[in-house]
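entry_20.cif, holding mmCIF, C-alpha atoms:
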data_model
#
loop_
_atom_site.label_atom_id
_atom_site.label_comp_id
_atom_site.auth_asym_id
_atom_site.auth_seq_id
_atom_site.Cartn_x
_atom_site.Cartn_y
_atom_site.Cartn_z
CA MET U 1 8.27 -18.30 3.34
CA GLU U 2 10.79 -15.48 3.53
CA ARG U 3 8.93 -12.22 2.99
CA PRO U 4 9.17 -8.55 3.96
CA TYR U 5 7.74 -7.29 7.25
CA VAL U 6 4.46 -5.70 6.10
CA ILE U 7 2.88 -2.54 7.53
CA ILE U 8 -0.46 -1.32 6.17
CA VAL U 9 -0.66 2.46 6.63
CA SER U 10 -3.71 4.53 5.73
CA GLU U 11 -5.78 7.56 6.52
CA VAL U 12 -9.40 6.63 7.26
CA SER U 13 -12.57 8.50 8.12
CA VAL U 14 -14.35 7.66 11.38
CA ASP U 15 -16.53 5.25 9.39
CA GLY U 16 -13.50 3.62 7.79
CA LYS U 17 -13.68 5.15 4.30
CA LEU U 18 -10.63 5.77 2.10
CA THR U 19 -12.23 8.12 -0.43
CA LEU U 20 -15.33 10.28 -0.88
CA TYR U 21 -16.84 7.89 -3.44
CA ARG U 22 -15.79 4.89 -5.52
CA GLY U 23 -13.28 6.04 -8.12
CA ALA U 24 -12.42 9.26 -6.27
CA SER U 25 -8.85 10.18 -5.43
CA SER U 26 -7.81 9.57 -1.82
CA LYS U 27 -5.96 12.88 -2.04
CA GLU U 28 -9.26 14.65 -1.40
CA LEU U 29 -9.64 13.11 2.04
CA MET U 30 -5.91 13.41 2.68
CA SER U 31 -6.22 17.17 2.22
CA LEU U 32 -7.89 17.18 5.66
CA MET U 33 -4.65 15.96 7.25
CA ASP U 34 -2.46 18.59 8.89
CA GLU U 35 1.32 18.80 8.54
CA GLU U 36 1.98 16.65 11.62
CA ALA U 37 -0.03 13.80 10.13
CA TYR U 38 1.94 14.07 6.88
CA LYS U 39 5.18 14.03 8.87
CA TYR U 40 4.06 10.82 10.59
CA LEU U 41 3.26 9.21 7.24
CA HIS U 42 6.56 10.21 5.68
CA GLU U 43 8.56 9.16 8.74
CA ILE U 44 7.33 5.63 8.12
CA ARG U 45 8.21 5.86 4.42
CA ALA U 46 11.73 6.92 5.35
CA LYS U 47 12.24 3.84 7.53
CA VAL U 48 11.00 1.08 5.21
CA ASP U 49 12.76 -0.56 2.27
CA GLY U 50 9.73 -0.59 -0.03
CA ILE U 51 6.33 1.02 -0.50
CA MET U 52 3.39 -0.46 -2.39
CA VAL U 53 0.16 0.83 -3.89
CA GLY U 54 -2.06 -0.79 -6.50
CA CYS U 55 -2.12 0.34 -10.11
CA GLU U 56 -5.65 1.73 -9.67
CA THR U 57 -4.25 4.06 -7.01
CA VAL U 58 -1.50 5.10 -9.42
CA ARG U 59 -4.04 5.85 -12.14
CA THR U 60 -6.43 7.74 -9.83
CA ASP U 61 -4.04 9.57 -7.46
CA ASN U 62 -0.78 9.68 -9.46
CA PRO U 63 1.31 9.61 -6.24
CA SER U 64 5.09 10.04 -6.12
CA LEU U 65 5.55 7.77 -3.06
CA THR U 66 8.68 9.63 -2.00
CA VAL U 67 9.82 11.07 1.34
CA ARG U 68 9.18 14.81 1.56
CA TYR U 69 7.97 15.70 5.07
CA ALA U 70 10.75 13.85 6.90
CA LYS U 71 14.45 13.12 6.57
CA GLY U 72 15.47 9.82 5.05
CA LYS U 73 15.79 7.81 1.87
CA ASN U 74 13.06 7.17 -0.65
CA PRO U 75 11.81 3.56 -0.48
CA VAL U 76 11.66 1.30 -3.53
CA ARG U 77 8.24 1.69 -5.12
CA VAL U 78 6.41 -1.58 -5.88
CA ILE U 79 3.30 -1.49 -8.07
CA PRO U 80 1.36 -4.74 -8.61
CA CYS U 81 -0.46 -4.53 -11.94
CA SER U 82 -1.60 -7.69 -13.72
CA THR U 83 -1.48 -6.11 -17.20
CA ALA U 84 1.28 -3.56 -16.42
CA ASN U 85 -1.22 -0.86 -17.39
CA VAL U 86 0.56 1.97 -15.60
CA PRO U 87 0.35 5.37 -17.36
CA ILE U 88 3.71 6.03 -19.00
CA ASP U 89 3.77 9.54 -17.52
CA ALA U 90 2.95 8.40 -13.96
CA ASN U 91 5.03 9.99 -11.20
CA VAL U 92 6.12 6.57 -9.91
CA LEU U 93 7.95 5.97 -13.19
CA ASN U 94 10.37 8.79 -12.45
CA VAL U 95 13.25 6.52 -11.45
CA LYS U 96 15.55 9.49 -10.81
CA GLU U 97 13.63 9.97 -7.55
CA ALA U 98 13.49 6.33 -6.50
CA LYS U 99 13.69 2.83 -7.90
CA THR U 100 10.40 1.39 -9.19
CA ILE U 101 9.36 -2.25 -9.58
CA ILE U 102 6.27 -3.19 -11.58
CA ALA U 103 4.99 -6.62 -10.52
CA THR U 104 2.94 -8.12 -13.32
CA THR U 105 1.89 -11.35 -15.01
CA GLN U 106 2.40 -13.45 -18.11
CA ARG U 107 -0.57 -11.73 -19.78
CA ALA U 108 1.00 -8.26 -19.72
CA PRO U 109 1.65 -7.10 -23.32
CA LYS U 110 5.34 -7.38 -24.22
CA GLU U 111 5.34 -3.93 -25.88
CA ARG U 112 4.12 -2.34 -22.67
CA LEU U 113 6.81 -4.09 -20.65
CA GLU U 114 9.47 -2.86 -23.08
CA LYS U 115 8.27 0.74 -22.70
CA LEU U 116 8.45 0.43 -18.92
CA LYS U 117 11.95 -1.03 -19.10
CA GLU U 118 13.00 1.88 -21.31
CA LYS U 119 11.94 4.17 -18.44
CA GLY U 120 14.34 2.31 -16.15
CA VAL U 121 11.66 0.31 -14.34
CA GLU U 122 12.37 -3.21 -13.09
CA ILE U 123 9.80 -5.86 -14.06
CA ILE U 124 8.91 -8.90 -11.94
CA ILE U 125 6.66 -11.53 -13.50
CA ALA U 126 4.69 -13.08 -10.64
CA GLY U 127 1.75 -15.12 -11.86
CA ASP U 128 -0.15 -16.04 -15.01
CA GLU U 129 -3.42 -14.06 -14.84
CA LEU U 130 -3.26 -12.14 -11.54
CA VAL U 131 -0.25 -10.99 -9.53
CA ASP U 132 0.50 -13.81 -7.07
CA PHE U 133 1.69 -12.38 -3.76
CA ASP U 134 2.96 -15.83 -2.74
CA LEU U 135 5.48 -15.46 -5.57
CA LEU U 136 6.03 -11.71 -5.35
CA LEU U 137 6.90 -11.28 -1.68
CA PRO U 138 9.84 -13.73 -1.67
CA GLU U 139 11.16 -11.99 -4.81
CA LEU U 140 11.03 -8.62 -3.02
CA TYR U 141 12.79 -10.14 -0.01
CA ARG U 142 15.56 -11.48 -2.24
CA ARG U 143 16.00 -7.97 -3.65
CA GLY U 144 16.70 -6.59 -0.18
CA ILE U 145 13.19 -5.33 0.63
CA ARG U 146 12.90 -6.55 4.21
CA SER U 147 10.20 -4.07 5.26
CA LEU U 148 7.25 -3.07 3.08
CA MET U 149 4.77 -0.25 3.65
CA VAL U 150 1.43 -0.90 1.94
CA GLU U 151 -0.39 2.37 1.34
CA GLY U 152 -3.51 1.27 -0.49
CA GLY U 153 -6.04 0.71 -1.63
CA ALA U 154 -8.80 -1.55 -0.37
CA SER U 155 -8.17 -4.38 -2.87
CA ILE U 156 -4.44 -4.55 -2.20
CA ASN U 157 -5.06 -4.44 1.56
CA TRP U 158 -7.45 -7.41 1.27
CA GLU U 159 -4.89 -9.47 -0.66
CA PHE U 160 -2.41 -9.06 2.19
CA VAL U 161 -4.97 -9.51 4.97
CA ARG U 162 -6.57 -12.66 3.58
CA ARG U 163 -3.19 -14.35 3.17
CA GLY U 164 -2.04 -13.42 6.67
CA TYR U 165 0.87 -11.39 5.30
CA VAL U 166 0.28 -8.31 7.47
CA ASP U 167 2.36 -7.63 10.58
CA GLU U 168 1.13 -4.15 11.56
CA ILE U 169 -1.66 -1.73 10.69
CA ARG U 170 -1.22 1.99 11.36
CA LEU U 171 -4.16 4.35 10.91
CA ILE U 172 -4.47 8.13 10.73
CA HIS U 173 -8.04 8.82 11.82
CA LEU U 174 -9.76 11.74 10.13
CA PRO U 175 -12.59 13.25 12.25
CA VAL U 176 -15.21 13.06 9.50
CA ILE U 177 -18.02 10.75 8.38
CA VAL U 178 -18.21 9.99 4.64
CA GLY U 179 -21.02 7.43 4.41
CA GLY U 180 -22.01 5.47 1.31
CA GLU U 181 -22.62 1.75 0.87
CA ASN U 182 -20.18 1.30 -2.02
CA VAL U 183 -17.43 3.69 -0.91
CA PRO U 184 -14.09 1.88 -0.47
CA THR U 185 -13.15 1.06 3.12
CA LEU U 186 -9.76 0.14 4.56
CA VAL U 187 -10.07 -3.48 3.43
CA GLY U 188 -12.15 -4.58 0.45
CA GLY U 189 -12.49 -7.99 -1.18
CA GLU U 190 -15.11 -10.61 -0.35
CA GLY U 191 -14.45 -10.49 3.39
CA PHE U 192 -13.93 -13.36 5.83
CA LYS U 193 -17.67 -13.95 6.46
CA LYS U 194 -17.08 -16.23 9.48
CA LEU U 195 -16.11 -15.21 13.00
CA LYS U 196 -13.43 -17.89 13.23
CA ASN U 197 -11.67 -16.52 10.13
CA LEU U 198 -11.29 -12.91 11.27
CA LEU U 199 -7.90 -11.23 11.47
CA HIS U 200 -7.21 -10.36 15.10
CA LEU U 201 -5.27 -7.27 16.19
CA ARG U 202 -3.78 -5.95 19.42
CA LEU U 203 -3.63 -2.20 20.04
CA ARG U 204 0.03 -1.37 20.53
CA SER U 205 -0.12 2.40 20.69
CA HIS U 206 -2.45 5.36 20.32
CA PHE U 207 -1.57 9.04 20.35
CA VAL U 208 -2.37 12.39 18.75
CA ARG U 209 -0.21 14.00 16.06
CA GLY U 210 -1.44 17.48 15.22
CA LYS U 211 -5.23 17.14 15.17
CA GLN U 212 -5.30 13.47 14.18
CA LEU U 213 -5.68 10.42 16.37
CA ILE U 214 -3.21 7.73 15.32
CA THR U 215 -3.60 4.08 16.24
CA GLU U 216 -1.00 1.36 15.73
CA TRP U 217 -2.06 -2.28 15.74
CA GLU U 218 -0.15 -5.57 15.82
CA VAL U 219 -1.55 -8.58 14.02
CA ILE U 220 -1.71 -11.48 16.47
CA ASN U 221 -2.89 -14.39 14.29
CA LYS U 222 -0.73 -13.98 11.19
CA SER U 223 0.54 -17.00 9.27
#

Full structure transcribed into structure tokens:
Amino acid sequence: MERPYVIIVSEVSVDGKLTLYRGASSKELMSLMDEEAYKYLHEIRAKVDGIMVGCETVRTDNPSLTVRYAKGKNPVRVIPCSTANVPIDANVLNVKEAKTIIATTQRAPKERLEKLKEKGVEIIIAGDELVDFDLLLPELYRRGIRSLMVEGGASINWEFVRRGYVDEIRLIHLPVIVGGENVPTLVGGEGFKKLKNLLHLRLRSHFVRGKQLITEWEVINKS
């Protein structure tokens, strides 16, 4: 299957948490990052063709997903959302800043799709009930998105990981412990459960930017 080269990028606490509690904005934890860490994050954005977050992240964080702390172009924003339930005033719908693609399904209300199209958003139907990444990724590749940065959250990360569609994982480690049994971690979903099914990584690089440790991992058993 022809698909984009996929890089998962995230800030994580020492215990692997993405937010302070389930339903909280990741921007709270990200506020602990210094300017050098933001530069690192935006340098990656400037180099990729596309950037993806889930619609829950859009609703909770209302990110812009543009390049601000580095020089370079804004990537195409890709938002998988099975019912296309993206707030009509969301920052990612400002197509003057960057192109936006909403990946959705046959069950998305037609009226909602028309409103999104009126905003200048491109719609890709990929699946009947849930967004099918087996259908979506080749469509993105055909549209010239050869590299894709996945910036959250835990559910989206699991969809890529479980299918073997991840090539790299880059982490900005925040020197804090969050705790909590139900707080989202880097990868959610049902988990692999068996040792033989685990996704294996190789540490490619580790260094400090500002006050943050950064680790970069290569996936070594991808499909």

Starting from the displayed file, determine the output of the PyMOL selection byres ((chain U and resi 46) around 9) and express the residue list as JSON, numbers by chain. {"U": [41, 42, 43, 44, 45, 47, 48, 49, 66, 67, 70, 71, 72, 73, 74, 75]}

Starting from the shown file, work through the PyMOL selection byres ((chain U and resi 60) around 9) and note down what comes out as an MDAnalysis selection string. chainID U and resid 23:26 55:59 61:63

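Shown here are all protein and nucleic acid residues lying within 9 Å of (-9.0, -12.6, 12.0), with all atoms listed in the file considered: Val161, Arg162, Gly164, Phe192, Leu195, Lys196, Asn197, Leu198, Leu199, His200, Leu201, Val219, Ile220, Asn221 and Lys222 of chain U.
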
Starting from the PyMOL selection byres ((chain U and resi 20) around 10), expand the selection into actual residues of this file and give them as an MDAnalysis selection string. chainID U and resid 13 17:19 21:29 177:180 183:184

All residues 9 Å or closer to Ser10 of chain U, only C-alpha atoms, same chain fewer than 3 positions away omitted, as an MDAnalysis selection string: chainID U and resid 18 41 150:153 169:173 186

To one decimal place in Å, what is the distance between atom CA of Val92 of chain U and atom CA of Leu113 of chain U?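 Going from atom CA of Val92 of chain U over to atom CA of Leu113 of chain U, I get 15.1 Å.
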
Between atom CA of Glu2 of chain U and atom CA of Pro138 of chain U, what distance in Å does the model show, to one decimal?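 We find that atom CA of Glu2 of chain U and atom CA of Pro138 of chain U lie 5.6 Å from each other.
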
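If you look at atom CA of Val95 of chain U and atom CA of Met149 of chain U, they are 18.6 Å away from each other.
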
Pick from U:Val86, U:Met1, U:Val9, U:Ile156: nearest to Trp217 of chain U, with only C-alpha atoms counted?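 Going through U:Val86, U:Met1, U:Val9, U:Ile156 one by one, the smallest distance to Trp217 of chain U is for U:Val9.
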
Return the single residue from U:Pro4, U:Gly50, U:Gly144, U:Pro87 that is closest to Lys119 of chain U, with distances computed using only C-alpha atoms.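 Among the listed residues, the smallest separation from Lys119 of chain U belongs to U:Pro87.
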
U:Thr105, U:Arg146, U:Val166, U:Val14 ranked by distance to Val131 of chain U, top pick (using only C-alpha atoms):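 Selected residue with least distance to Val131 of chain U: U:Thr105.
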
Would you kindly return, as a PyMOL selection string, each protein, DNA or RNA residue with an atom no farther than 8 Å from any atom of segment 207-213 of chain U, considering all atoms listed in the file and excluding same-chain residues fewer than 4 positions away? chain U and resi 33-37+40+172-175

Using only C-alpha atoms, find the one residue out of U:Ser82, U:Val6, U:Arg77, U:Asn91 that sits nearest to Ser64 of chain U.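 For Ser64 of chain U, the nearest of the candidates is U:Asn91.
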
Within 10 Å of Pro80 of chain U using only C-alpha atoms, minus same-chain residues under 5 positions, as a list in words: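 Contacts, in chain order: Met52, Val53, Gly54, Cys55, Glu56, Asn85, Val86, Ile101, Ile102, Ala103, Thr104, Thr105, Ile124, Ile125, Ala126, Leu130, Val131, Asp132, Phe133, Leu136 and Ile156 of chain U.
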
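Between Ile145 of chain U and the candidates U:Tyr69, U:Lys99, U:Gly127, U:Ala90, the tightest atom-to-atom separation, counting only C-alpha atoms, involves U:Lys99.
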